[in-house]
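Below is the file final-v3.csv, which contains CSV, C-alpha atoms.
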chain,number,residue,atom,x,y,z
I,331,MET,CA,-22.9,-12.1,5.0
I,332,PHE,CA,-23.5,-9.0,7.0
I,333,ASP,CA,-23.8,-8.8,10.8
I,334,ASP,CA,-24.4,-6.1,13.5
I,335,ARG,CA,-20.8,-5.6,14.5
I,336,SER,CA,-20.3,-2.5,12.2
I,337,PRO,CA,-22.2,-0.6,9.6
I,338,ILE,CA,-23.0,-2.5,6.4
I,339,TYR,CA,-21.1,0.0,4.2
I,340,GLN,CA,-18.0,-0.6,6.4
I,341,GLN,CA,-18.4,-4.4,6.1
I,342,ILE,CA,-18.7,-4.0,2.3
I,343,ALA,CA,-15.4,-2.1,2.2
I,344,ASP,CA,-13.7,-4.6,4.6
I,345,GLN,CA,-14.8,-7.6,2.4
I,346,ILE,CA,-13.4,-6.0,-0.8
I,347,LYS,CA,-10.2,-5.2,1.1
I,348,ALA,CA,-10.0,-8.8,2.2
I,349,ASP,CA,-10.5,-10.0,-1.3
I,350,ILE,CA,-7.7,-7.8,-2.5
I,351,LEU,CA,-5.3,-9.0,0.3
I,352,ARG,CA,-6.2,-12.7,-0.5
I,353,GLY,CA,-5.6,-12.2,-4.2
I,354,THR,CA,-9.2,-12.8,-5.2
I,355,LEU,CA,-9.3,-9.3,-6.7
I,356,HIS,CA,-6.2,-8.0,-8.6
I,357,ALA,CA,-4.8,-4.7,-9.6
I,358,ASP,CA,-6.9,-3.0,-12.4
I,359,GLU,CA,-9.6,-5.7,-12.1
I,360,GLN,CA,-13.1,-4.3,-12.3
I,361,VAL,CA,-15.4,-4.8,-9.3
I,362,MET,CA,-19.1,-5.2,-9.3
I,363,SER,CA,-21.0,-1.9,-9.7
I,364,THR,CA,-22.8,-0.5,-6.7
I,365,ASN,CA,-26.2,-1.6,-8.2
I,366,GLN,CA,-24.9,-5.1,-8.9
I,367,TYR,CA,-23.6,-5.4,-5.4
I,368,ALA,CA,-26.8,-4.0,-3.9
I,369,ALA,CA,-29.0,-6.5,-6.0
I,370,PHE,CA,-26.7,-9.5,-5.2
I,371,TYR,CA,-26.7,-8.8,-1.4
I,372,ARG,CA,-30.2,-7.3,-1.3
I,373,ILE,CA,-29.2,-4.1,0.3
I,374,ASN,CA,-29.9,-0.4,-0.5
I,375,PRO,CA,-27.8,0.8,-3.4
I,376,ALA,CA,-26.9,3.9,-1.4
I,377,THR,CA,-25.3,1.7,1.3
I,378,ALA,CA,-23.2,-0.1,-1.3
I,379,ALA,CA,-22.2,3.2,-2.8
I,380,LYS,CA,-21.1,4.5,0.6
I,381,GLY,CA,-18.8,1.5,1.0
I,382,PHE,CA,-17.4,2.0,-2.5
I,383,ALA,CA,-16.9,5.7,-1.8
I,384,LEU,CA,-14.9,4.8,1.2
I,385,LEU,CA,-12.6,2.6,-0.8
I,386,ILE,CA,-12.1,5.3,-3.5
I,387,GLU,CA,-11.3,7.8,-0.8
I,388,GLU,CA,-8.7,5.4,0.7
I,389,GLY,CA,-7.2,4.9,-2.8
I,390,VAL,CA,-8.1,1.2,-2.9
I,391,LEU,CA,-10.5,1.6,-5.9
I,392,TYR,CA,-10.6,4.1,-8.7
I,393,LYS,CA,-13.4,5.0,-11.1
I,394,LYS,CA,-13.3,5.0,-14.9
I,395,ARG,CA,-16.1,7.3,-15.9
I,396,GLY,CA,-18.9,5.4,-17.7
I,397,ILE,CA,-17.1,2.1,-17.3
I,398,GLY,CA,-17.0,1.2,-13.6
I,399,MET,CA,-14.7,0.9,-10.6
I,400,PHE,CA,-11.4,-0.9,-10.5
I,401,VAL,CA,-8.8,-2.1,-8.0
I,402,SER,CA,-6.0,0.5,-7.8
I,403,GLN,CA,-2.6,-0.6,-9.0
I,404,ASP,CA,-1.0,-0.4,-5.5
I,405,ALA,CA,-4.1,-1.4,-3.5
I,406,ARG,CA,-2.7,-4.7,-2.2
I,407,GLN,CA,0.6,-3.2,-1.1
I,408,ARG,CA,-1.1,-0.2,0.5
I,409,LEU,CA,-3.6,-2.5,2.4
I,410,ARG,CA,-0.7,-4.8,3.5
I,411,GLU,CA,1.2,-1.9,4.9
I,412,ARG,CA,-1.8,-0.6,6.8
I,413,ARG,CA,-2.7,-4.0,8.2
I,414,GLN,CA,0.9,-4.7,9.2
I,415,GLU,CA,1.0,-1.4,11.2
I,416,LEU,CA,-2.3,-2.2,12.8
I,417,PHE,CA,-1.0,-5.7,13.7
I,418,TYR,CA,1.9,-4.3,15.5
I,419,VAL,CA,-0.2,-1.7,17.4
I,420,GLU,CA,-3.2,-3.9,18.2
I,421,VAL,CA,-1.6,-7.3,18.6
I,422,VAL,CA,2.1,-7.1,19.3
I,423,ASP,CA,2.1,-4.0,21.5
I,424,ALA,CA,-0.9,-5.2,23.4
I,425,MET,CA,0.7,-8.6,23.9
I,426,VAL,CA,4.0,-7.1,25.1
I,427,ALA,CA,2.1,-4.9,27.6
I,428,GLU,CA,0.0,-7.8,28.9
I,429,ALA,CA,3.2,-10.0,29.2
I,430,ARG,CA,4.9,-7.4,31.2
I,431,MET,CA,1.9,-7.0,33.4
I,432,ILE,CA,1.7,-10.7,34.2
I,433,GLY,CA,5.4,-11.3,34.4
I,434,ILE,CA,6.2,-13.1,31.2
I,435,PRO,CA,9.7,-12.3,30.0
I,436,LEU,CA,9.9,-11.1,26.4
I,437,GLY,CA,12.5,-13.8,25.7
I,438,GLU,CA,9.9,-16.5,26.4
I,439,ILE,CA,7.5,-14.9,24.0
I,440,ILE,CA,10.2,-14.8,21.3
I,441,ASP,CA,11.1,-18.5,22.0
I,442,ARG,CA,7.4,-19.4,21.7
I,443,LEU,CA,7.1,-17.5,18.4
I,444,ARG,CA,10.2,-19.3,17.0
I,445,ARG,CA,8.7,-22.7,18.0
I,446,ALA,CA,5.5,-21.7,16.2
I,447,GLU,CA,7.6,-21.1,13.1
I,448,GLY,CA,9.4,-24.4,13.5
I,449,GLU,CA,12.7,-22.8,14.7
I,450,GLN,CA,14.7,-23.9,17.7
I,451,PRO,CA,14.6,-21.5,20.7
I,452,ARG,CA,17.9,-19.8,21.4
When written as structure tokens, how does the structure in this file appear?
Amino acid sequence: MFDDRSPIYQQIADQIKADILRGTLHADEQVMSTNQYAAFYRINPATAAKGFALLIEEGVLYKKRGIGMFVSQDARQRLRERRQELFYVEVVDAMVAEARMIGIPLGEIIDRLRRAEGEQPR
């Protein structure tokens, strides 16, 4: 499950975020404890705890003392908004800059996007 592209704790946080965005984890649903997570994936509990702490800091998870950690009520919406903003910055803005550099008119890109959605180009 884990690779060398980023720290394991970050990959843990990213996986939980992806589960929330996909709808696998829902608002107020309890997530595995750090010890359960560590045992299941055979990692150091401190590493798992660091990933969970990151999610708590970001407001994606919250703690119920003595019970466990749960998905925040607005986690999915919050994550979607962040991912949408990143999409525009990392994908769309970069694509527009590249298109300009190589001489592709933005109208052609728009037409291609419409075709991908099944619309007729204008």
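CA of Asp423 in chain I lies 14.1 Å from CA of Pro435 in chain I.
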Next on the checklist: Would you pick out the contacts of range 357-364 of chain I at 10 Å or less, using only C-alpha atoms, so that residues sharing its chain but fewer than 5 positions from it are not included, and give the list as a ChimeraX atom specification?
Outcome noted: /I:346,350,369-370,374-383,390-394,397-406
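With CA of Phe332 in chain I on one side and CA of Glu387 in chain I on the other, the separation reads 22.2 Å.
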Item to check | Between CA of Arg412 in chain I and CA of Gly353 in chain I, distance in Å (one decimal) | outcome: 16.4 Å
Checklist entry - Smallest atom-to-atom distance to Glu411 in chain I: which of I:Met331, I:Ala429, I:Leu351, I:Ile386, using all atoms listed in the file? => result I:Leu351
Item to check | Pick from I:Lys347, I:Arg430, I:Met425, I:Arg372 nearest to Gly389 in chain I, counting all atoms listed in the file | outcome: I:Lys347
Item to check | Residue nearest Asp344 in chain I among I:Gly396, I:Glu420, I:Glu428, I:Leu384 (counting only C-alpha atoms) | outcome: I:Leu384
